[in-house]
Each structure stands twice: as structure tokens, then as C-alpha cells.
$ cat upload-v4.pdb   # PDB, C-alpha atoms
ATOM      1  CA  MET A   1      25.186  57.394  73.898
ATOM      2  CA  ASP A   2      21.652  57.476  75.301
ATOM      3  CA  PHE A   3      21.146  60.707  77.234
ATOM      4  CA  GLY A   4      17.901  59.444  78.738
ATOM      5  CA  LEU A   5      15.959  62.541  77.669
ATOM      6  CA  GLN A   6      13.125  60.881  75.767
ATOM      7  CA  GLY A   7       9.855  62.526  76.835
ATOM      8  CA  THR A   8      11.561  64.860  79.333
ATOM      9  CA  VAL A   9      10.035  68.342  79.571
ATOM     10  CA  VAL A  10      12.767  70.953  79.094
ATOM     11  CA  LEU A  11      12.528  74.743  79.305
ATOM     12  CA  VAL A  12      15.190  76.794  77.492
ATOM     13  CA  THR A  13      15.063  80.529  78.174
ATOM     14  CA  GLY A  14      16.062  83.011  75.484
ATOM     15  CA  ALA A  15      15.681  80.301  72.852
ATOM     16  CA  ALA A  16      14.425  82.357  69.915
ATOM     17  CA  SER A  17      17.935  82.944  68.565
ATOM     18  CA  GLY A  18      21.637  82.194  68.941
ATOM     19  CA  LEU A  19      22.875  79.663  71.458
ATOM     20  CA  GLY A  20      19.411  79.197  72.964
ATOM     21  CA  THR A  21      18.005  78.038  69.630
ATOM     22  CA  THR A  22      20.768  75.466  69.196
ATOM     23  CA  ILE A  23      20.282  74.175  72.745
ATOM     24  CA  ALA A  24      16.529  73.785  72.161
ATOM     25  CA  GLU A  25      17.121  71.980  68.866
ATOM     26  CA  LEU A  26      19.604  69.532  70.358
ATOM     27  CA  TYR A  27      17.379  68.680  73.323
ATOM     28  CA  ALA A  28      14.493  68.051  70.917
ATOM     29  CA  ALA A  29      16.736  65.850  68.775
ATOM     30  CA  GLU A  30      17.303  63.710  71.887
ATOM     31  CA  GLY A  31      13.551  63.228  72.289
ATOM     32  CA  ALA A  32      12.883  65.934  74.890
ATOM     33  CA  ARG A  33       9.734  68.038  74.765
ATOM     34  CA  VAL A  34      11.046  71.578  74.642
ATOM     35  CA  GLY A  35       9.667  74.946  75.707
ATOM     36  CA  VAL A  36      11.169  77.717  73.559
ATOM     37  CA  ASN A  37      11.038  80.842  75.716
ATOM     38  CA  TYR A  38      11.075  84.304  74.175
ATOM     39  CA  ARG A  39      10.283  87.859  75.248
ATOM     40  CA  THR A  40      10.172  90.050  72.130
ATOM     41  CA  LYS A  41      10.666  87.691  69.173
ATOM     42  CA  PRO A  42       7.445  85.696  68.668
ATOM     43  CA  GLU A  43       8.055  85.158  64.944
ATOM     44  CA  GLN A  44      11.575  83.843  65.546
ATOM     45  CA  ALA A  45      10.394  81.578  68.352
ATOM     46  CA  ALA A  46       7.647  80.220  66.107
ATOM     47  CA  ALA A  47      10.222  79.534  63.403
ATOM     48  CA  VAL A  48      12.398  77.626  65.896
ATOM     49  CA  VAL A  49       9.399  75.505  66.905
ATOM     50  CA  GLU A  50       8.491  74.877  63.269
ATOM     51  CA  GLY A  51      12.024  73.710  62.545
ATOM     52  CA  ILE A  52      12.019  71.342  65.512
ATOM     53  CA  VAL A  53       8.629  69.887  64.578
ATOM     54  CA  ALA A  54       9.704  69.493  60.940
ATOM     55  CA  ALA A  55      12.686  67.476  62.158
ATOM     56  CA  GLY A  56      10.380  65.159  64.102
ATOM     57  CA  GLY A  57      10.690  66.794  67.520
ATOM     58  CA  GLU A  58       8.217  68.351  69.920
ATOM     59  CA  ALA A  59       8.373  72.008  70.943
ATOM     60  CA  PHE A  60       6.219  74.850  72.187
ATOM     61  CA  ALA A  61       6.864  78.612  72.046
ATOM     62  CA  VAL A  62       6.235  80.234  75.424
ATOM     63  CA  ALA A  63       6.428  83.961  76.128
ATOM     64  CA  GLY A  64       7.802  85.396  79.327
ATOM     65  CA  ASP A  65       9.643  88.461  80.624
ATOM     66  CA  LEU A  66      12.030  86.925  83.138
ATOM     67  CA  THR A  67      12.258  90.154  85.137
ATOM     68  CA  GLN A  68       8.607  89.753  86.135
ATOM     69  CA  ASP A  69       7.547  87.184  88.743
ATOM     70  CA  GLU A  70       4.069  86.824  87.280
ATOM     71  CA  ASP A  71       5.441  86.173  83.788
ATOM     72  CA  VAL A  72       7.657  83.367  85.067
ATOM     73  CA  VAL A  73       4.744  81.738  86.899
ATOM     74  CA  ALA A  74       2.555  82.046  83.792
ATOM     75  CA  MET A  75       5.334  80.542  81.666
ATOM     76  CA  TYR A  76       5.494  77.438  83.854
ATOM     77  CA  ASP A  77       1.690  77.219  83.894
ATOM     78  CA  ALA A  78       1.657  77.305  80.088
ATOM     79  CA  MET A  79       4.348  74.632  79.877
ATOM     80  CA  GLU A  80       2.456  72.299  82.205
ATOM     81  CA  ALA A  81      -0.818  72.858  80.367
ATOM     82  CA  HIS A  82       0.801  72.141  76.989
ATOM     83  CA  PHE A  83       2.935  69.136  77.919
ATOM     84  CA  GLY A  84       0.741  67.698  80.673
ATOM     85  CA  GLY A  85       3.509  67.614  83.251
ATOM     86  CA  PRO A  86       6.073  69.770  85.039
ATOM     87  CA  VAL A  87       9.327  71.097  83.656
ATOM     88  CA  GLU A  88      12.073  68.642  84.628
ATOM     89  CA  VAL A  89      15.132  70.297  83.072
ATOM     90  CA  LEU A  90      15.729  74.063  83.080
ATOM     91  CA  VAL A  91      18.361  75.749  80.922
ATOM     92  CA  ASN A  92      18.863  79.378  81.950
ATOM     93  CA  ASN A  93      20.240  80.910  78.763
ATOM     94  CA  ALA A  94      18.484  84.287  78.409
ATOM     95  CA  ALA A  95      20.815  87.262  78.824
ATOM     96  CA  TYR A  96      21.184  90.990  78.242
ATOM     97  CA  CYS A  97      24.533  92.576  77.415
ATOM     98  CA  PRO A  98      24.868  96.375  77.221
ATOM     99  CA  THR A  99      28.210  97.873  76.218
ATOM    100  CA  ALA A 100      29.506 101.109  77.747
ATOM    101  CA  PRO A 101      32.514 102.226  79.788
ATOM    102  CA  THR A 102      31.646 101.873  83.450
ATOM    103  CA  ALA A 103      32.014 105.622  84.041
ATOM    104  CA  GLU A 104      29.318 106.194  81.425
ATOM    105  CA  LEU A 105      27.051 103.274  82.297
ATOM    106  CA  GLU A 106      23.696 104.378  83.694
ATOM    107  CA  SER A 107      22.793 102.788  87.018
ATOM    108  CA  ASP A 108      19.396 101.657  85.766
ATOM    109  CA  VAL A 109      21.036  99.889  82.807
ATOM    110  CA  TYR A 110      23.400  98.086  85.168
ATOM    111  CA  MET A 111      20.557  97.038  87.448
ATOM    112  CA  HIS A 112      18.404  95.933  84.502
ATOM    113  CA  THR A 113      21.259  93.718  83.301
ATOM    114  CA  VAL A 114      21.524  92.123  86.735
ATOM    115  CA  ASN A 115      17.741  91.723  86.861
ATOM    116  CA  VAL A 116      17.634  89.918  83.519
ATOM    117  CA  ASN A 117      20.739  87.766  83.859
ATOM    118  CA  MET A 118      20.820  86.970  87.566
ATOM    119  CA  GLY A 119      17.246  87.803  88.515
ATOM    120  CA  GLY A 120      15.787  85.861  85.607
ATOM    121  CA  THR A 121      17.911  82.847  86.446
ATOM    122  CA  PHE A 122      16.852  83.066  90.095
ATOM    123  CA  ARG A 123      13.141  83.379  89.273
ATOM    124  CA  CYS A 124      13.165  80.454  86.867
ATOM    125  CA  CYS A 125      15.086  78.275  89.332
ATOM    126  CA  LYS A 126      12.765  79.238  92.187
ATOM    127  CA  GLU A 127       9.628  78.316  90.257
ATOM    128  CA  LEU A 128      11.082  75.032  89.027
ATOM    129  CA  ILE A 129      12.104  74.044  92.557
ATOM    130  CA  ARG A 130       8.773  75.114  94.047
ATOM    131  CA  ARG A 131       6.789  72.976  91.600
ATOM    132  CA  LEU A 132       9.033  69.920  91.651
ATOM    133  CA  ASP A 133       9.235  69.975  95.449
ATOM    134  CA  ALA A 134       5.438  70.013  95.581
ATOM    135  CA  ALA A 135       5.355  67.016  93.233
ATOM    136  CA  GLY A 136       7.999  65.151  95.240
ATOM    137  CA  LYS A 137      10.414  65.173  92.311
ATOM    138  CA  ALA A 138      13.934  66.461  91.616
ATOM    139  CA  GLY A 139      15.149  68.232  88.498
ATOM    140  CA  ARG A 140      18.227  69.338  86.634
ATOM    141  CA  ILE A 141      19.318  72.944  86.163
ATOM    142  CA  VAL A 142      21.873  74.141  83.621
ATOM    143  CA  ASN A 143      22.921  77.780  83.971
ATOM    144  CA  ILE A 144      24.709  79.538  81.118
ATOM    145  CA  SER A 145      27.377  81.933  82.383
ATOM    146  CA  SER A 146      30.420  83.174  80.419
ATOM    147  CA  GLN A 147      34.195  83.011  80.509
ATOM    148  CA  ALA A 148      33.980  86.789  80.951
ATOM    149  CA  ALA A 149      32.768  86.145  84.500
ATOM    150  CA  PHE A 150      36.368  85.253  85.374
ATOM    151  CA  ARG A 151      38.314  87.159  82.720
ATOM    152  CA  GLY A 152      36.329  90.381  82.450
ATOM    153  CA  SER A 153      36.212  92.508  79.300
ATOM    154  CA  ARG A 154      38.045  95.493  77.897
ATOM    155  CA  SER A 155      35.019  96.524  75.832
ATOM    156  CA  GLY A 156      32.783  98.006  78.536
ATOM    157  CA  LYS A 157      30.771  94.973  79.677
ATOM    158  CA  SER A 158      31.106  95.300  83.447
ATOM    159  CA  ALA A 159      27.356  94.843  83.980
ATOM    160  CA  TYR A 160      27.235  91.655  81.937
ATOM    161  CA  ASP A 161      30.487  90.230  83.297
ATOM    162  CA  SER A 162      29.595  90.756  86.951
ATOM    163  CA  SER A 163      26.076  89.372  86.503
ATOM    164  CA  LYS A 164      27.545  86.266  84.892
ATOM    165  CA  MET A 165      29.848  85.788  87.877
ATOM    166  CA  GLY A 166      26.764  86.009  90.066
ATOM    167  CA  ILE A 167      25.261  83.109  88.103
ATOM    168  CA  VAL A 168      28.305  80.989  88.989
ATOM    169  CA  GLY A 169      27.754  81.768  92.665
ATOM    170  CA  LEU A 170      24.042  80.990  92.404
ATOM    171  CA  THR A 171      24.857  77.667  90.750
ATOM    172  CA  ILE A 172      27.132  76.627  93.616
ATOM    173  CA  SER A 173      24.669  77.792  96.270
ATOM    174  CA  LEU A 174      21.723  75.945  94.711
ATOM    175  CA  ALA A 175      23.783  72.813  94.106
ATOM    176  CA  ARG A 176      24.705  72.618  97.787
ATOM    177  CA  GLU A 177      21.216  73.510  98.994
ATOM    178  CA  LEU A 178      19.411  71.033  96.734
ATOM    179  CA  SER A 179      21.856  68.124  96.664
ATOM    180  CA  ALA A 180      20.083  66.176  99.397
ATOM    181  CA  LYS A 181      16.876  66.334  97.351
ATOM    182  CA  GLY A 182      18.574  64.818  94.312
ATOM    183  CA  TYR A 183      18.811  67.891  92.101
ATOM    184  CA  ASN A 184      21.748  68.430  89.746
ATOM    185  CA  VAL A 185      22.729  72.079  89.251
ATOM    186  CA  ASN A 186      25.609  72.913  86.933
ATOM    187  CA  CYS A 187      26.955  75.816  84.904
ATOM    188  CA  VAL A 188      28.371  76.191  81.393
ATOM    189  CA  LEU A 189      31.057  78.786  80.712
ATOM    190  CA  PRO A 190      31.010  79.551  76.965
ATOM    191  CA  GLY A 191      33.868  81.435  75.392
ATOM    192  CA  LEU A 192      33.932  83.373  72.133
ATOM    193  CA  MET A 193      31.470  81.810  69.723
ATOM    194  CA  TYR A 194      30.215  82.572  66.249
ATOM    195  CA  THR A 195      26.674  83.958  66.122
ATOM    196  CA  GLU A 196      24.760  86.276  63.832
ATOM    197  CA  MET A 197      25.372  89.076  66.335
ATOM    198  CA  ILE A 198      29.106  89.205  65.577
ATOM    199  CA  ALA A 199      29.111  87.798  62.046
ATOM    200  CA  ASP A 200      29.825  91.121  60.332
ATOM    201  CA  ALA A 201      32.675  92.000  62.707
ATOM    202  CA  VAL A 202      34.243  88.560  62.284
ATOM    203  CA  ALA A 203      34.022  88.793  58.500
ATOM    204  CA  LYS A 204      35.976  92.069  58.547
ATOM    205  CA  ASP A 205      38.839  90.786  60.703
ATOM    206  CA  PRO A 206      38.593  87.095  61.626
ATOM    207  CA  GLU A 207      42.167  86.936  62.910
ATOM    208  CA  SER A 208      41.462  89.494  65.634
ATOM    209  CA  PHE A 209      38.902  87.061  67.050
ATOM    210  CA  ASN A 210      40.625  83.747  66.356
ATOM    211  CA  SER A 211      44.010  84.806  67.730
ATOM    212  CA  ARG A 212      42.508  85.408  71.179
ATOM    213  CA  VAL A 213      41.613  81.730  71.577
ATOM    214  CA  PRO A 214      44.229  79.003  72.260
ATOM    215  CA  LEU A 215      42.466  76.716  69.757
ATOM    216  CA  ASN A 216      42.766  79.620  67.275
ATOM    217  CA  ARG A 217      39.108  79.748  66.286
ATOM    218  CA  LEU A 218      35.700  80.829  67.509
ATOM    219  CA  GLY A 219      33.427  78.178  68.907
ATOM    220  CA  GLN A 220      30.244  77.067  67.195
ATOM    221  CA  THR A 221      26.973  77.208  69.122
ATOM    222  CA  LYS A 222      26.584  73.427  68.775
ATOM    223  CA  GLU A 223      29.861  72.872  70.628
ATOM    224  CA  ILE A 224      28.491  74.742  73.645
ATOM    225  CA  ALA A 225      24.983  73.305  73.292
ATOM    226  CA  ASP A 226      26.322  69.737  73.303
ATOM    227  CA  VAL A 227      27.638  70.324  76.830
ATOM    228  CA  ALA A 228      24.395  71.983  77.944
ATOM    229  CA  VAL A 229      22.479  68.896  76.803
ATOM    230  CA  PHE A 230      24.920  66.548  78.538
ATOM    231  CA  LEU A 231      24.608  68.435  81.839
ATOM    232  CA  GLY A 232      20.814  68.288  81.648
ATOM    233  CA  SER A 233      20.854  64.557  81.021
ATOM    234  CA  LYS A 234      21.107  61.445  83.171
ATOM    235  CA  CYS A 235      24.669  61.012  81.915
ATOM    236  CA  ALA A 236      25.704  63.857  84.237
ATOM    237  CA  SER A 237      23.983  62.311  87.269
ATOM    238  CA  TYR A 238      27.151  62.502  89.401
ATOM    239  CA  MET A 239      27.814  66.175  88.642
ATOM    240  CA  THR A 240      26.507  69.091  90.649
ATOM    241  CA  GLY A 241      27.955  72.505  91.459
ATOM    242  CA  SER A 242      30.333  72.225  88.499
ATOM    243  CA  THR A 243      31.297  75.100  86.216
ATOM    244  CA  VAL A 244      32.321  73.659  82.859
ATOM    245  CA  ALA A 245      34.383  75.846  80.524
ATOM    246  CA  VAL A 246      33.645  75.399  76.812
ATOM    247  CA  ASP A 247      35.838  78.198  75.521
ATOM    248  CA  GLY A 248      38.635  76.877  73.352
ATOM    249  CA  GLY A 249      41.072  77.148  76.246
ATOM    250  CA  LEU A 250      40.490  80.793  77.181
ATOM    251  CA  SER A 251      40.092  80.077  80.863
ATOM    252  CA  MET A 252      42.339  77.075  81.243
ATOM    253  CA  HIS A 253      43.856  76.640  84.698
TER     254      HIS A 253
END
$ encode --input "upload-v4.pdb" --output "C-alpha cells"
Amino acid sequence: MDFGLQGTVVLVTGAASGLGTTIAELYAAEGARVGVNYRTKPEQAAAVVEGIVAAGGEAFAVAGDLTQDEDVVAMYDAMEAHFGGPVEVLVNNAAYCPTAPTAELESDVYMHTVNVNMGGTFRCCKELIRRLDAAGKAGRIVNISSQAAFRGSRSGKSAYDSSKMGIVGLTISLARELSAKGYNVNCVLPGLMYTEMIADAVAKDPESFNSRVPLNRLGQTKEIADVAVFLGSKCASYMTGSTVAVDGGLSMH
């Protein structure tokens, strides 16, 4: 299947590790020119870019703290200067996830989580829309939420879970607002997936993770990234405002 991404400029936030890295790699494999956003991991972002280039793709590491308006503007400026054109596909993947019982969660930690997850998504969407509107173009936005937005958590992730639900609401609002302009705005709902962050815990008791999923296993980052690439492609041209669960059946309804 031809996703129609050859030469498309794509920005993936939080792409220096985990799911973001896989998303960036898969877009590049489809011929997209990819911006690998990072905040505090320049060496890891550089390694991601090196891997993409070694595989024959095109990528650029771009720094940016998504809680800061000026950083987001500078990030888009850097992307345009490097690739010679505007970002056409935005994948909002960057996220922060503190863990603490709500009664013990500091208010500033909660608000920081919202500012990164929801605020960062808002800022990146705003700047994309502002620039594409000025150029008379439309783009595609893929927001990464979580099945926890609907299911919640028993492990003290109220800040993360509620911010991810906010991303679902923002997706629907933007999709309706921008539909007449030709934008496609959709959301991916990943479930439990295997990353380096939980590798040690999974190794100690894999069944405690696998048994929670109807498909009886954790997802792989590629399985989620495949959907993120599809939604950012021309193949999803008749989809907007959709929230697509890729969670092994956790949120089936």
C-alpha cells in the first residue's frame, strides 16, 4: 500500500525514545522527512536520526520544550529552515507521567503534567495550523492519547489519565473546527505496550501484564506506530475526529 508520504515533512514530538522513536522510523521508511523532537535527550535523538539516515531515510533532530510557546515557535522555524517547507503532518507523542496517589500528588506536579501532555499538544497544533493557514494549505494531526483516558489507573496516575482524556476532547474539537479547511485530526489510543521503561518489571512477572489484555500479550511499539503512520497518511483521508484504540482489546465496546 502506498501511503503517499514521500517527501512529506513530519514532526514527531518526544521522538528520542520509546513509541516516538518507532513512529519517526516508520514515517521515514515511507519516504517522509522527519523531525525528531526532544527536550532533554540530545544524544538519543541524534542516535535516532543516525539510524534513520543509515537506513536511507531523512531526519533532523530538533529541540523544544513543549511547555514554552517560544520553544515551539523556534522548533517549527528550525524544521522549515532545514527541510525548506512547512510541517505537513504533526504527531503529538510527547508525554509526562508521574505516579503518586492523588491525595499525595502535589498540585504543581499535576499542573505540569497537564501542561506537557495537553498544553504541549495544543501549542504544537496551534503553530501548525497558524503556519499552514498562512500558506493556504491543510495538514494532518495525529494525537497520541491512552486507553487509560477511559479506563483510569489503580497505580496513582490521575494526572496522566485525565490529561490524556483532555487530548481526546481536543482532537474532536479541532477535527470539527478544521474540517471545512480540509484538515484531518485523529487520535490513537495505545494500550499496554512493551518499552524499555517497563522491561525489568515485565521480566519479573510477565503474566501479571499479559493477563490484563484480552489478546494475552503486551503490544509492540510498531503495532501502535503502524496506526499512527496510517492516520497521518492520505490513506486516512476520510477520517477525522476518530479515536482509534490499539490496545489488544482493553477498551473494546
$ resolve_selection --input "upload-v4.pdb" --expression "the PyMOL selection byres ((chain A and resi 38) around 6)" --output "list of chain:residue names"
A:Gly14, A:Ala16, A:Asn37, A:Arg39, A:Ala63
$ closest_residue --input "upload-v4.pdb" --among "A:Ala61, A:Leu170, A:Met118, A:Val73" --to "Arg131 (chain A)" --atoms "only C-alpha atoms"
A:Val73
$ resolve_selection --input "upload-v4.pdb" --expression "the PyMOL selection byres ((chain A and resi 225-242) around 8)" --output "ChimeraX atom specification"
/A:3-5,19,22-23,26-27,89-91,140-142,171-176,179,183-188,221-224,243-244,246
$ closest_residue --input "upload-v4.pdb" --among "A:Ala100, A:Gly57, A:Ala149, A:Thr21" --to "Arg33 (chain A)" --atoms "only C-alpha atoms"
A:Gly57
$ resolve_selection --input "upload-v4.pdb" --expression "the PyMOL selection byres ((chain A and resi 49) around 8)" --output "list in words"
Val36, Ala45, Ala46, Ala47, Val48, Glu50, Gly51, Ile52, Val53, Glu58, Ala59, Phe60 and Ala61 of chain A
$ residues_around --input "upload-v4.pdb" --residues "Tyr76 (chain A)" --least-positions-apart "4" --cutoff "9 Å" --atoms "all atoms listed in the file" --output "list in words"
Leu11, Val62, Asp71, Val72, Glu80, Ala81, Pro86, Val87, Cys124, Glu127 and Leu128 of chain A
$ atom_distance --input "upload-v4.pdb" --atom1 "CA of Ser146 (chain A)" --atom2 "CA of Val168 (chain A)"
9.1 Å
$ residues_around --input "upload-v4.pdb" --residues "Gly120 (chain A)" --least-positions-apart "6" --cutoff "12 Å" --atoms "only C-alpha atoms" --output "MDAnalysis selection string"
chainID A and resid 13:14 39 64:73 91:96 112:114 126:127 143:144 163:164 166:167 170
$ closest_residue --input "upload-v4.pdb" --among "A:Val116, A:Val34, A:Ala203, A:Cys97" --to "Asp161 (chain A)" --atoms "all atoms listed in the file"
A:Cys97
$ closest_residue --input "upload-v4.pdb" --among "A:Pro190, A:Gly7, A:Gly136, A:Gly169" --to "Ala245 (chain A)" --atoms "all atoms listed in the file"
A:Pro190
$ decode --input "upload-v4.pdb" --residues "region 59-119 of chain A" --atoms "C-alpha atoms" --output "PDB file, in the first residue's frame"
ATOM      1  CA  ALA A  59      15.587  13.056   9.568  1.00  0.00           C
ATOM      2  CA  PHE A  60      16.546  16.035  11.682  1.00  0.00           C
ATOM      3  CA  ALA A  61      16.845  16.306  15.481  1.00  0.00           C
ATOM      4  CA  VAL A  62      15.031  19.383  16.779  1.00  0.00           C
ATOM      5  CA  ALA A  63      14.997  20.534  20.397  1.00  0.00           C
ATOM      6  CA  GLY A  64      11.973  22.036  22.064  1.00  0.00           C
ATOM      7  CA  ASP A  65      10.314  22.281  25.478  1.00  0.00           C
ATOM      8  CA  LEU A  66       6.644  21.958  24.581  1.00  0.00           C
ATOM      9  CA  THR A  67       5.551  23.851  27.695  1.00  0.00           C
ATOM     10  CA  GLN A  68       7.138  27.011  26.290  1.00  0.00           C
ATOM     11  CA  ASP A  69       5.487  28.957  23.460  1.00  0.00           C
ATOM     12  CA  GLU A  70       8.784  30.345  22.208  1.00  0.00           C
ATOM     13  CA  ASP A  71      10.355  26.880  22.049  1.00  0.00           C
ATOM     14  CA  VAL A  72       7.500  25.566  19.918  1.00  0.00           C
ATOM     15  CA  VAL A  73       7.788  28.501  17.509  1.00  0.00           C
ATOM     16  CA  ALA A  74      11.564  28.017  17.295  1.00  0.00           C
ATOM     17  CA  MET A  75      11.066  24.295  16.661  1.00  0.00           C
ATOM     18  CA  TYR A  76       8.837  24.980  13.659  1.00  0.00           C
ATOM     19  CA  ASP A  77      11.262  27.643  12.413  1.00  0.00           C
ATOM     20  CA  ALA A  78      14.106  25.117  12.590  1.00  0.00           C
ATOM     21  CA  MET A  79      12.061  22.494  10.756  1.00  0.00           C
ATOM     22  CA  GLU A  80      11.199  24.889   7.934  1.00  0.00           C
ATOM     23  CA  ALA A  81      14.791  26.081   7.631  1.00  0.00           C
ATOM     24  CA  HIS A  82      16.105  22.504   7.474  1.00  0.00           C
ATOM     25  CA  PHE A  83      13.528  20.970   5.138  1.00  0.00           C
ATOM     26  CA  GLY A  84      12.696  24.061   3.084  1.00  0.00           C
ATOM     27  CA  GLY A  85       8.969  23.829   3.686  1.00  0.00           C
ATOM     28  CA  PRO A  86       6.324  23.697   6.408  1.00  0.00           C
ATOM     29  CA  VAL A  87       5.432  20.759   8.606  1.00  0.00           C
ATOM     30  CA  GLU A  88       2.514  18.941   6.965  1.00  0.00           C
ATOM     31  CA  VAL A  89       1.932  16.096   9.430  1.00  0.00           C
ATOM     32  CA  LEU A  90       2.153  16.503  13.215  1.00  0.00           C
ATOM     33  CA  VAL A  91       2.299  13.559  15.611  1.00  0.00           C
ATOM     34  CA  ASN A  92       1.809  14.690  19.211  1.00  0.00           C
ATOM     35  CA  ASN A  93       3.510  11.904  21.145  1.00  0.00           C
ATOM     36  CA  ALA A  94       5.475  13.640  23.926  1.00  0.00           C
ATOM     37  CA  ALA A  95       4.131  12.925  27.410  1.00  0.00           C
ATOM     38  CA  TYR A  96       4.931  13.087  31.113  1.00  0.00           C
ATOM     39  CA  CYS A  97       3.609  10.514  33.571  1.00  0.00           C
ATOM     40  CA  PRO A  98       4.157  10.975  37.322  1.00  0.00           C
ATOM     41  CA  THR A  99       2.955   8.268  39.698  1.00  0.00           C
ATOM     42  CA  ALA A 100       1.510   9.092  43.122  1.00  0.00           C
ATOM     43  CA  PRO A 101      -1.782   8.591  44.959  1.00  0.00           C
ATOM     44  CA  THR A 102      -3.973  11.596  44.284  1.00  0.00           C
ATOM     45  CA  ALA A 103      -4.036  12.553  47.974  1.00  0.00           C
ATOM     46  CA  GLU A 104      -0.245  12.816  47.863  1.00  0.00           C
ATOM     47  CA  LEU A 105       0.116  14.365  44.414  1.00  0.00           C
ATOM     48  CA  GLU A 106       1.462  17.915  44.527  1.00  0.00           C
ATOM     49  CA  SER A 107      -0.660  20.446  42.661  1.00  0.00           C
ATOM     50  CA  ASP A 108       2.302  21.751  40.684  1.00  0.00           C
ATOM     51  CA  VAL A 109       3.121  18.213  39.509  1.00  0.00           C
ATOM     52  CA  TYR A 110      -0.465  17.744  38.353  1.00  0.00           C
ATOM     53  CA  MET A 111      -0.457  21.058  36.511  1.00  0.00           C
ATOM     54  CA  HIS A 112       2.944  20.349  34.942  1.00  0.00           C
ATOM     55  CA  THR A 113       1.598  17.042  33.620  1.00  0.00           C
ATOM     56  CA  VAL A 114      -1.372  18.822  32.065  1.00  0.00           C
ATOM     57  CA  ASN A 115       0.947  21.488  30.648  1.00  0.00           C
ATOM     58  CA  VAL A 116       3.186  18.916  28.974  1.00  0.00           C
ATOM     59  CA  ASN A 117       0.549  16.485  27.738  1.00  0.00           C
ATOM     60  CA  MET A 118      -2.370  18.754  26.894  1.00  0.00           C
ATOM     61  CA  GLY A 119      -0.594  22.097  26.698  1.00  0.00           C
TER      62      GLY A 119
END
